[in-house]
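Engineer: Structure file target-v4.cif (mmCIF, C-alpha atoms) is given on the next line.
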data_entry
#
loop_
_atom_site.label_atom_id
_atom_site.label_comp_id
_atom_site.auth_asym_id
_atom_site.auth_seq_id
_atom_site.Cartn_x
_atom_site.Cartn_y
_atom_site.Cartn_z
CA MET P 1 12.73 -39.21 -130.34
CA SER P 2 14.67 -36.45 -132.08
CA PRO P 3 18.19 -35.51 -130.89
CA ARG P 4 16.86 -32.17 -129.74
CA CYS P 5 14.22 -33.82 -127.54
CA ARG P 6 16.80 -36.22 -126.12
CA ALA P 7 19.00 -33.26 -125.18
CA LEU P 8 16.12 -31.50 -123.45
CA SER P 9 14.97 -34.58 -121.50
CA PRO P 10 17.64 -34.40 -118.73
CA VAL P 11 17.10 -30.66 -118.38
CA LEU P 12 13.35 -31.10 -117.96
CA ALA P 13 13.90 -33.88 -115.43
CA LEU P 14 16.23 -31.64 -113.42
CA LEU P 15 13.71 -28.78 -113.49
CA ALA P 16 10.99 -31.13 -112.20
CA VAL P 17 13.23 -32.21 -109.29
CA LEU P 18 14.09 -28.61 -108.44
CA ALA P 19 10.43 -27.57 -108.55
CA THR P 20 9.50 -30.38 -106.15
CA ALA P 21 12.34 -29.48 -103.76
CA GLY P 22 11.38 -25.82 -103.92
CA ALA P 23 7.79 -26.63 -103.00
CA ALA P 24 8.97 -28.62 -99.97
CA PHE P 25 11.17 -25.76 -98.77
CA ALA P 26 8.42 -23.21 -99.33
CA ALA P 27 6.08 -25.30 -97.17
CA GLY P 28 8.11 -24.58 -94.03
CA GLY P 29 9.19 -27.03 -91.38
CA SER P 30 7.43 -28.40 -88.34
CA VAL P 31 8.12 -29.41 -84.77
CA GLU P 32 6.01 -32.18 -83.28
CA GLY P 33 6.10 -34.81 -80.60
CA GLN P 34 4.40 -36.60 -77.77
CA VAL P 35 4.44 -35.98 -74.02
CA GLN P 36 4.22 -39.03 -71.77
CA ASP P 37 4.73 -39.80 -68.10
CA THR P 38 7.65 -42.00 -67.05
CA GLN P 39 5.42 -45.08 -67.44
CA GLY P 40 4.76 -44.24 -71.12
CA LYS P 41 1.18 -43.01 -70.66
CA PRO P 42 0.22 -39.96 -72.80
CA LEU P 43 -0.23 -36.70 -70.92
CA PRO P 44 -3.01 -34.51 -72.33
CA GLY P 45 -3.12 -30.82 -71.40
CA ALA P 46 0.64 -30.27 -71.07
CA ALA P 47 1.65 -26.70 -71.95
CA ILE P 48 4.10 -26.54 -74.84
CA THR P 49 6.08 -23.37 -75.58
CA LEU P 50 8.15 -23.12 -78.75
CA LEU P 51 10.76 -20.36 -79.05
CA GLU P 52 12.94 -19.69 -82.06
CA ALA P 53 16.45 -18.88 -80.80
CA GLY P 54 17.16 -15.17 -81.19
CA ALA P 55 13.46 -14.32 -81.56
CA LYS P 56 11.22 -12.81 -78.91
CA ALA P 57 7.96 -14.33 -80.10
CA THR P 58 6.82 -17.70 -78.82
CA GLN P 59 4.14 -20.10 -79.92
CA ASN P 60 2.05 -21.92 -77.33
CA GLN P 61 -0.34 -24.85 -77.34
CA THR P 62 -1.41 -27.78 -75.19
CA THR P 63 -1.14 -31.47 -75.93
CA ASP P 64 -4.18 -33.30 -77.24
CA ALA P 65 -5.86 -36.34 -75.64
CA GLN P 66 -3.00 -38.58 -76.84
CA GLY P 67 -0.31 -36.20 -75.55
CA ASN P 68 0.62 -35.06 -79.07
CA PHE P 69 1.57 -31.56 -80.25
CA HIS P 70 2.42 -30.05 -83.64
CA PHE P 71 3.73 -26.65 -84.75
CA GLY P 72 3.72 -26.18 -88.53
CA GLY P 73 4.81 -23.61 -91.10
CA LEU P 74 8.09 -22.82 -89.32
CA SER P 75 11.07 -21.16 -90.96
CA SER P 76 14.55 -22.65 -90.76
CA GLY P 77 16.26 -21.98 -87.46
CA VAL P 78 17.04 -23.29 -84.00
CA TYR P 79 14.01 -23.95 -81.79
CA ILE P 80 13.78 -24.49 -78.04
CA LEU P 81 10.83 -26.40 -76.61
CA THR P 82 9.60 -26.10 -73.01
CA VAL P 83 7.01 -28.47 -71.54
CA THR P 84 5.13 -27.96 -68.27
CA LEU P 85 2.23 -29.69 -66.54
CA ASP P 86 0.98 -29.29 -62.97
CA GLY P 87 2.30 -32.07 -60.75
CA TYR P 88 5.27 -32.80 -63.04
CA ALA P 89 8.82 -31.46 -63.26
CA PRO P 90 9.14 -29.09 -66.24
CA VAL P 91 11.63 -29.78 -69.01
CA THR P 92 13.36 -27.65 -71.64
CA CYS P 93 14.41 -29.48 -74.76
CA PRO P 94 17.79 -28.40 -76.12
CA GLY P 95 17.73 -26.23 -79.20
CA GLY P 96 17.27 -28.29 -82.30
CA ARG P 97 18.04 -26.97 -85.77
CA LEU P 98 15.07 -27.16 -88.09
CA LEU P 99 15.42 -27.00 -91.85
CA SER P 100 12.54 -25.77 -93.97
CA GLY P 101 10.47 -28.59 -95.40
CA LEU P 102 11.49 -31.03 -92.66
CA THR P 103 9.95 -32.19 -89.37
CA ARG P 104 11.80 -32.34 -86.05
CA ARG P 105 10.20 -34.72 -83.54
CA PHE P 106 10.61 -34.67 -79.75
CA GLU P 107 9.79 -37.45 -77.29
CA VAL P 108 9.13 -35.91 -73.87
CA LYS P 109 8.91 -37.85 -70.59
CA LEU P 110 7.61 -35.89 -67.60
CA ALA P 111 8.45 -37.16 -64.12
CA PRO P 112 6.33 -36.32 -61.06
CA THR P 113 7.52 -33.24 -59.15
CA GLY P 114 10.06 -34.21 -56.51
CA GLY P 115 11.05 -37.41 -58.30
CA ALA P 116 13.45 -38.08 -61.14
CA ALA P 117 14.15 -35.36 -63.70
CA SER P 118 11.92 -35.04 -66.75
CA SER P 119 13.59 -35.72 -70.09
CA CYS P 120 13.39 -34.73 -73.72
CA ALA P 121 14.89 -36.70 -76.59
CA PRO P 122 14.95 -35.10 -80.03
CA ALA P 123 14.63 -37.56 -82.89
CA ALA P 124 16.19 -37.15 -86.33
CA GLN P 125 14.55 -34.78 -88.80
CA SER P 126 12.35 -36.37 -91.39
CA GLY P 127 10.92 -35.21 -94.67
CA GLY P 128 7.78 -33.05 -94.53
#
What would you get if you wrote out this structure as C-alpha coordinates?

Structural biologist:
Amino acid sequence: MSPRCRALSPVLALLAVLATAGAAFAAGGSVEGQVQDTQGKPLPGAAITLLEAGAKATQNQTTDAQGNFHFGGLSSGVYILTVTLDGYAPVTCPGGRLLSGLTRRFEVKLAPTGGAASSCAPAAQSGG
(Lines of atoms letter the chains of each structure in order from A and count residues from 1; the text may use other names and numbers.)
(Lines give C-alpha, C1' and ligand atoms only; values in the text may rest on other atoms or scores of the structure.)
Protein backbone atom coordinates (compact mmCIF):
# COMPACT_ATOMS: atom_id res chain seq x y z
CA MET A 1 0.00 0.00 0.00
CA SER A 2 1.41 3.40 -0.94
CA PRO A 3 2.07 6.04 1.76
CA ARG A 4 -0.69 8.16 0.29
CA CYS A 5 -3.23 5.32 0.63
CA ARG A 6 -2.09 4.63 4.19
CA ALA A 7 -2.66 8.30 5.05
CA LEU A 8 -6.16 8.24 3.57
CA SER A 9 -7.20 4.99 5.30
CA PRO A 10 -7.94 6.51 8.76
CA VAL A 11 -9.81 9.39 7.12
CA LEU A 12 -12.00 7.03 5.12
CA ALA A 13 -12.67 4.93 8.20
CA LEU A 14 -13.74 8.03 10.13
CA LEU A 15 -16.04 9.12 7.29
CA ALA A 16 -17.67 5.67 7.27
CA VAL A 17 -18.33 5.89 11.03
CA LEU A 18 -19.77 9.39 10.71
CA ALA A 19 -22.02 8.34 7.82
CA THR A 20 -23.38 5.43 9.87
CA ALA A 21 -24.00 7.66 12.91
CA GLY A 22 -25.67 10.26 10.72
CA ALA A 23 -28.03 7.66 9.27
CA ALA A 24 -29.02 6.55 12.78
CA PHE A 25 -29.75 10.12 13.86
CA ALA A 26 -31.69 10.84 10.68
CA ALA A 27 -33.89 7.80 11.36
CA GLY A 28 -35.45 9.43 14.42
CA GLY A 29 -36.06 7.89 17.80
CA SER A 30 -38.85 5.75 19.14
CA VAL A 31 -40.87 5.20 22.29
CA GLU A 32 -42.18 1.72 22.96
CA GLY A 33 -43.27 -0.51 25.78
CA GLN A 34 -45.73 -2.96 27.19
CA VAL A 35 -48.80 -2.48 29.37
CA GLN A 36 -49.58 -5.21 31.89
CA ASP A 37 -51.86 -5.65 34.88
CA THR A 38 -50.33 -5.98 38.34
CA GLN A 39 -50.16 -9.77 37.86
CA GLY A 40 -47.97 -9.35 34.73
CA LYS A 41 -50.69 -10.21 32.18
CA PRO A 42 -50.62 -8.10 28.97
CA LEU A 43 -53.45 -5.60 28.58
CA PRO A 44 -54.63 -5.19 24.98
CA GLY A 45 -56.68 -2.14 24.04
CA ALA A 46 -55.10 0.32 26.50
CA ALA A 47 -55.14 3.89 25.17
CA ILE A 48 -51.65 5.36 24.87
CA THR A 49 -51.13 9.12 24.43
CA LEU A 50 -47.66 10.47 23.66
CA LEU A 51 -47.00 14.20 24.08
CA GLU A 52 -43.74 15.96 23.32
CA ALA A 53 -43.11 18.49 26.10
CA GLY A 54 -43.72 22.02 24.84
CA ALA A 55 -45.72 20.79 21.84
CA LYS A 56 -49.49 20.84 21.47
CA ALA A 57 -49.80 17.84 19.17
CA THR A 58 -50.21 14.36 20.58
CA GLN A 59 -49.98 10.92 19.07
CA ASN A 60 -52.46 8.23 20.09
CA GLN A 61 -52.71 4.49 19.68
CA THR A 62 -53.92 1.41 21.52
CA THR A 63 -51.91 -1.57 22.69
CA ASP A 64 -51.91 -4.72 20.59
CA ALA A 65 -52.98 -8.21 21.72
CA GLN A 66 -49.74 -8.57 23.72
CA GLY A 67 -50.11 -5.15 25.36
CA ASN A 68 -47.31 -3.64 23.26
CA PHE A 69 -47.11 -0.15 21.74
CA HIS A 70 -44.58 1.63 19.52
CA PHE A 71 -44.21 5.22 18.31
CA GLY A 72 -41.47 5.67 15.70
CA GLY A 73 -39.81 8.47 13.74
CA LEU A 74 -39.69 10.85 16.72
CA SER A 75 -37.42 13.86 16.97
CA SER A 76 -35.17 14.43 19.97
CA GLY A 77 -37.02 15.86 22.95
CA VAL A 78 -38.80 15.11 26.20
CA TYR A 79 -41.89 12.91 25.89
CA ILE A 80 -44.71 12.28 28.35
CA LEU A 81 -46.72 9.08 28.10
CA THR A 82 -50.25 8.63 29.47
CA VAL A 83 -51.95 5.22 29.66
CA THR A 84 -55.65 4.61 30.32
CA LEU A 85 -57.93 1.59 30.21
CA ASP A 86 -61.49 1.21 31.52
CA GLY A 87 -61.50 -0.49 34.92
CA TYR A 88 -57.90 0.50 35.69
CA ALA A 89 -56.28 3.52 37.35
CA PRO A 90 -54.65 5.75 34.70
CA VAL A 91 -50.94 6.52 34.84
CA THR A 92 -48.75 9.28 33.43
CA CYS A 93 -45.14 8.33 32.85
CA PRO A 94 -42.66 11.05 33.77
CA GLY A 95 -41.08 12.91 30.90
CA GLY A 96 -38.23 10.96 29.42
CA ARG A 97 -35.61 12.54 27.18
CA LEU A 98 -35.37 10.84 23.82
CA LEU A 99 -32.34 11.22 21.58
CA SER A 100 -32.70 10.77 17.84
CA GLY A 101 -31.73 7.30 16.68
CA LEU A 102 -32.44 5.73 20.08
CA THR A 103 -35.38 3.88 21.64
CA ARG A 104 -36.89 4.69 25.04
CA ARG A 105 -38.85 1.78 26.55
CA PHE A 106 -41.54 1.99 29.23
CA GLU A 107 -42.91 -0.84 31.37
CA VAL A 108 -46.43 0.07 32.52
CA LYS A 109 -48.38 -1.74 35.25
CA LEU A 110 -52.06 -0.82 35.53
CA ALA A 111 -53.84 -1.50 38.82
CA PRO A 112 -57.62 -1.95 39.06
CA THR A 113 -59.51 1.26 39.84
CA GLY A 114 -59.84 1.75 43.58
CA GLY A 115 -56.82 -0.42 44.36
CA ALA A 116 -53.11 0.32 44.37
CA ALA A 117 -51.72 3.04 42.12
CA SER A 118 -50.69 2.17 38.57
CA SER A 119 -46.98 2.53 37.79
CA CYS A 120 -44.66 3.32 34.94
CA ALA A 121 -40.96 2.48 34.87
CA PRO A 122 -38.85 3.92 32.07
CA ALA A 123 -35.97 1.71 31.01
CA ALA A 124 -32.63 2.94 29.66
CA GLN A 125 -32.44 4.11 26.06
CA SER A 126 -31.09 1.63 23.59
CA GLY A 127 -29.74 1.91 20.08
CA GLY A 128 -32.29 2.08 17.25

Engineer: Would you list the residues near (9.5, -37.5, -70.1), meaning any protein, DNA or RNA residue with an atom at most 12 Å from that point in file coordinates, counting all atoms listed in the file, as a PDB file with C-alpha atoms, keeping the file's coordinate frame?

Structural biologist:
ATOM      1  CA  GLY P  33       6.100 -34.810 -80.600  1.00  0.00           C
ATOM      2  CA  GLN P  34       4.400 -36.600 -77.770  1.00  0.00           C
ATOM      3  CA  VAL P  35       4.440 -35.980 -74.020  1.00  0.00           C
ATOM      4  CA  GLN P  36       4.220 -39.030 -71.770  1.00  0.00           C
ATOM      5  CA  ASP P  37       4.730 -39.800 -68.100  1.00  0.00           C
ATOM      6  CA  THR P  38       7.650 -42.000 -67.050  1.00  0.00           C
ATOM      7  CA  GLN P  39       5.420 -45.080 -67.440  1.00  0.00           C
ATOM      8  CA  GLY P  40       4.760 -44.240 -71.120  1.00  0.00           C
ATOM      9  CA  LYS P  41       1.180 -43.010 -70.660  1.00  0.00           C
ATOM     10  CA  PRO P  42       0.220 -39.960 -72.800  1.00  0.00           C
ATOM     11  CA  LEU P  43      -0.230 -36.700 -70.920  1.00  0.00           C
ATOM     12  CA  ALA P  46       0.640 -30.270 -71.070  1.00  0.00           C
ATOM     13  CA  GLY P  67      -0.310 -36.200 -75.550  1.00  0.00           C
ATOM     14  CA  THR P  82       9.600 -26.100 -73.010  1.00  0.00           C
ATOM     15  CA  VAL P  83       7.010 -28.470 -71.540  1.00  0.00           C
ATOM     16  CA  THR P  84       5.130 -27.960 -68.270  1.00  0.00           C
ATOM     17  CA  LEU P  85       2.230 -29.690 -66.540  1.00  0.00           C
ATOM     18  CA  TYR P  88       5.270 -32.800 -63.040  1.00  0.00           C
ATOM     19  CA  ALA P  89       8.820 -31.460 -63.260  1.00  0.00           C
ATOM     20  CA  PRO P  90       9.140 -29.090 -66.240  1.00  0.00           C
ATOM     21  CA  VAL P  91      11.630 -29.780 -69.010  1.00  0.00           C
ATOM     22  CA  THR P  92      13.360 -27.650 -71.640  1.00  0.00           C
ATOM     23  CA  CYS P  93      14.410 -29.480 -74.760  1.00  0.00           C
ATOM     24  CA  PHE P 106      10.610 -34.670 -79.750  1.00  0.00           C
ATOM     25  CA  GLU P 107       9.790 -37.450 -77.290  1.00  0.00           C
ATOM     26  CA  VAL P 108       9.130 -35.910 -73.870  1.00  0.00           C
ATOM     27  CA  LYS P 109       8.910 -37.850 -70.590  1.00  0.00           C
ATOM     28  CA  LEU P 110       7.610 -35.890 -67.600  1.00  0.00           C
ATOM     29  CA  ALA P 111       8.450 -37.160 -64.120  1.00  0.00           C
ATOM     30  CA  PRO P 112       6.330 -36.320 -61.060  1.00  0.00           C
ATOM     31  CA  THR P 113       7.520 -33.240 -59.150  1.00  0.00           C
ATOM     32  CA  GLY P 115      11.050 -37.410 -58.300  1.00  0.00           C
ATOM     33  CA  ALA P 116      13.450 -38.080 -61.140  1.00  0.00           C
ATOM     34  CA  ALA P 117      14.150 -35.360 -63.700  1.00  0.00           C
ATOM     35  CA  SER P 118      11.920 -35.040 -66.750  1.00  0.00           C
ATOM     36  CA  SER P 119      13.590 -35.720 -70.090  1.00  0.00           C
ATOM     37  CA  CYS P 120      13.390 -34.730 -73.720  1.00  0.00           C
ATOM     38  CA  ALA P 121      14.890 -36.700 -76.590  1.00  0.00           C
ATOM     39  CA  PRO P 122      14.950 -35.100 -80.030  1.00  0.00           C
TER      40      PRO P 122
END

Engineer: Quick one: pull the distance between CA of Leu99 in chain P and CA of Thr58 in chain P, Å, one decimal.

Structural biologist: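 Calculated distance between CA of Leu99 in chain P and CA of Thr58 in chain P is 18.2 Å.
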
Engineer: Please identify all polymer residues within 9 Å of Tyr79 in chain P, counting all atoms listed in the file, omitting same-chain residues fewer than 3 positions from it, and present them as a ChimeraX atom specification.

Structural biologist: /P:31,50-53,93-98

Engineer: How would the residues just picked look written out with C-alpha atoms as a JSON list (two decimals), keeping the file's coordinate frame?

Structural biologist:
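Okay, this is what ended up in result-v6.json:
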[["chain", "number", "residue", "atom", "x", "y", "z"],
["P", 31, "VAL", "CA", 8.12, -29.41, -84.77],
["P", 50, "LEU", "CA", 8.15, -23.12, -78.75],
["P", 51, "LEU", "CA", 10.76, -20.36, -79.05],
["P", 52, "GLU", "CA", 12.94, -19.69, -82.06],
["P", 53, "ALA", "CA", 16.45, -18.88, -80.80],
["P", 93, "CYS", "CA", 14.41, -29.48, -74.76],
["P", 94, "PRO", "CA", 17.79, -28.40, -76.12],
["P", 95, "GLY", "CA", 17.73, -26.23, -79.20],
["P", 96, "GLY", "CA", 17.27, -28.29, -82.30],
["P", 97, "ARG", "CA", 18.04, -26.97, -85.77],
["P", 98, "LEU", "CA", 15.07, -27.16, -88.09]]

Engineer: Which residue out of P:Ser30, P:Thr103, P:Asp86, P:Gly72 has the minimum interatomic distance to Ala47 in chain P when only C-alpha atoms are used?

Structural biologist: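 The shortest atom-to-atom distance to Ala47 in chain P comes from P:Asp86.
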
Engineer: For a test of reading the model, state the distance in Å between CA of Leu74 in chain P and CA of Pro44 in chain P, rounded to one decimal.

Structural biologist: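 Pair CA of Leu74 in chain P / CA of Pro44 in chain P returns 23.4 Å.
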
Engineer: Nearest to His70 in chain P: which of P:Gly114, P:Gly101, P:Gly29, P:Gly87 is it, counting all atoms listed in the file?

Structural biologist: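 That would be P:Gly29, the residue with the smallest distance to His70 in chain P.
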
Engineer: Have a look at CA of Val78 in chain P and CA of Thr49 in chain P and let me know their distance in Å, one decimal.

Structural biologist: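 Result for CA of Val78 in chain P versus CA of Thr49 in chain P: 13.8 Å, one decimal.
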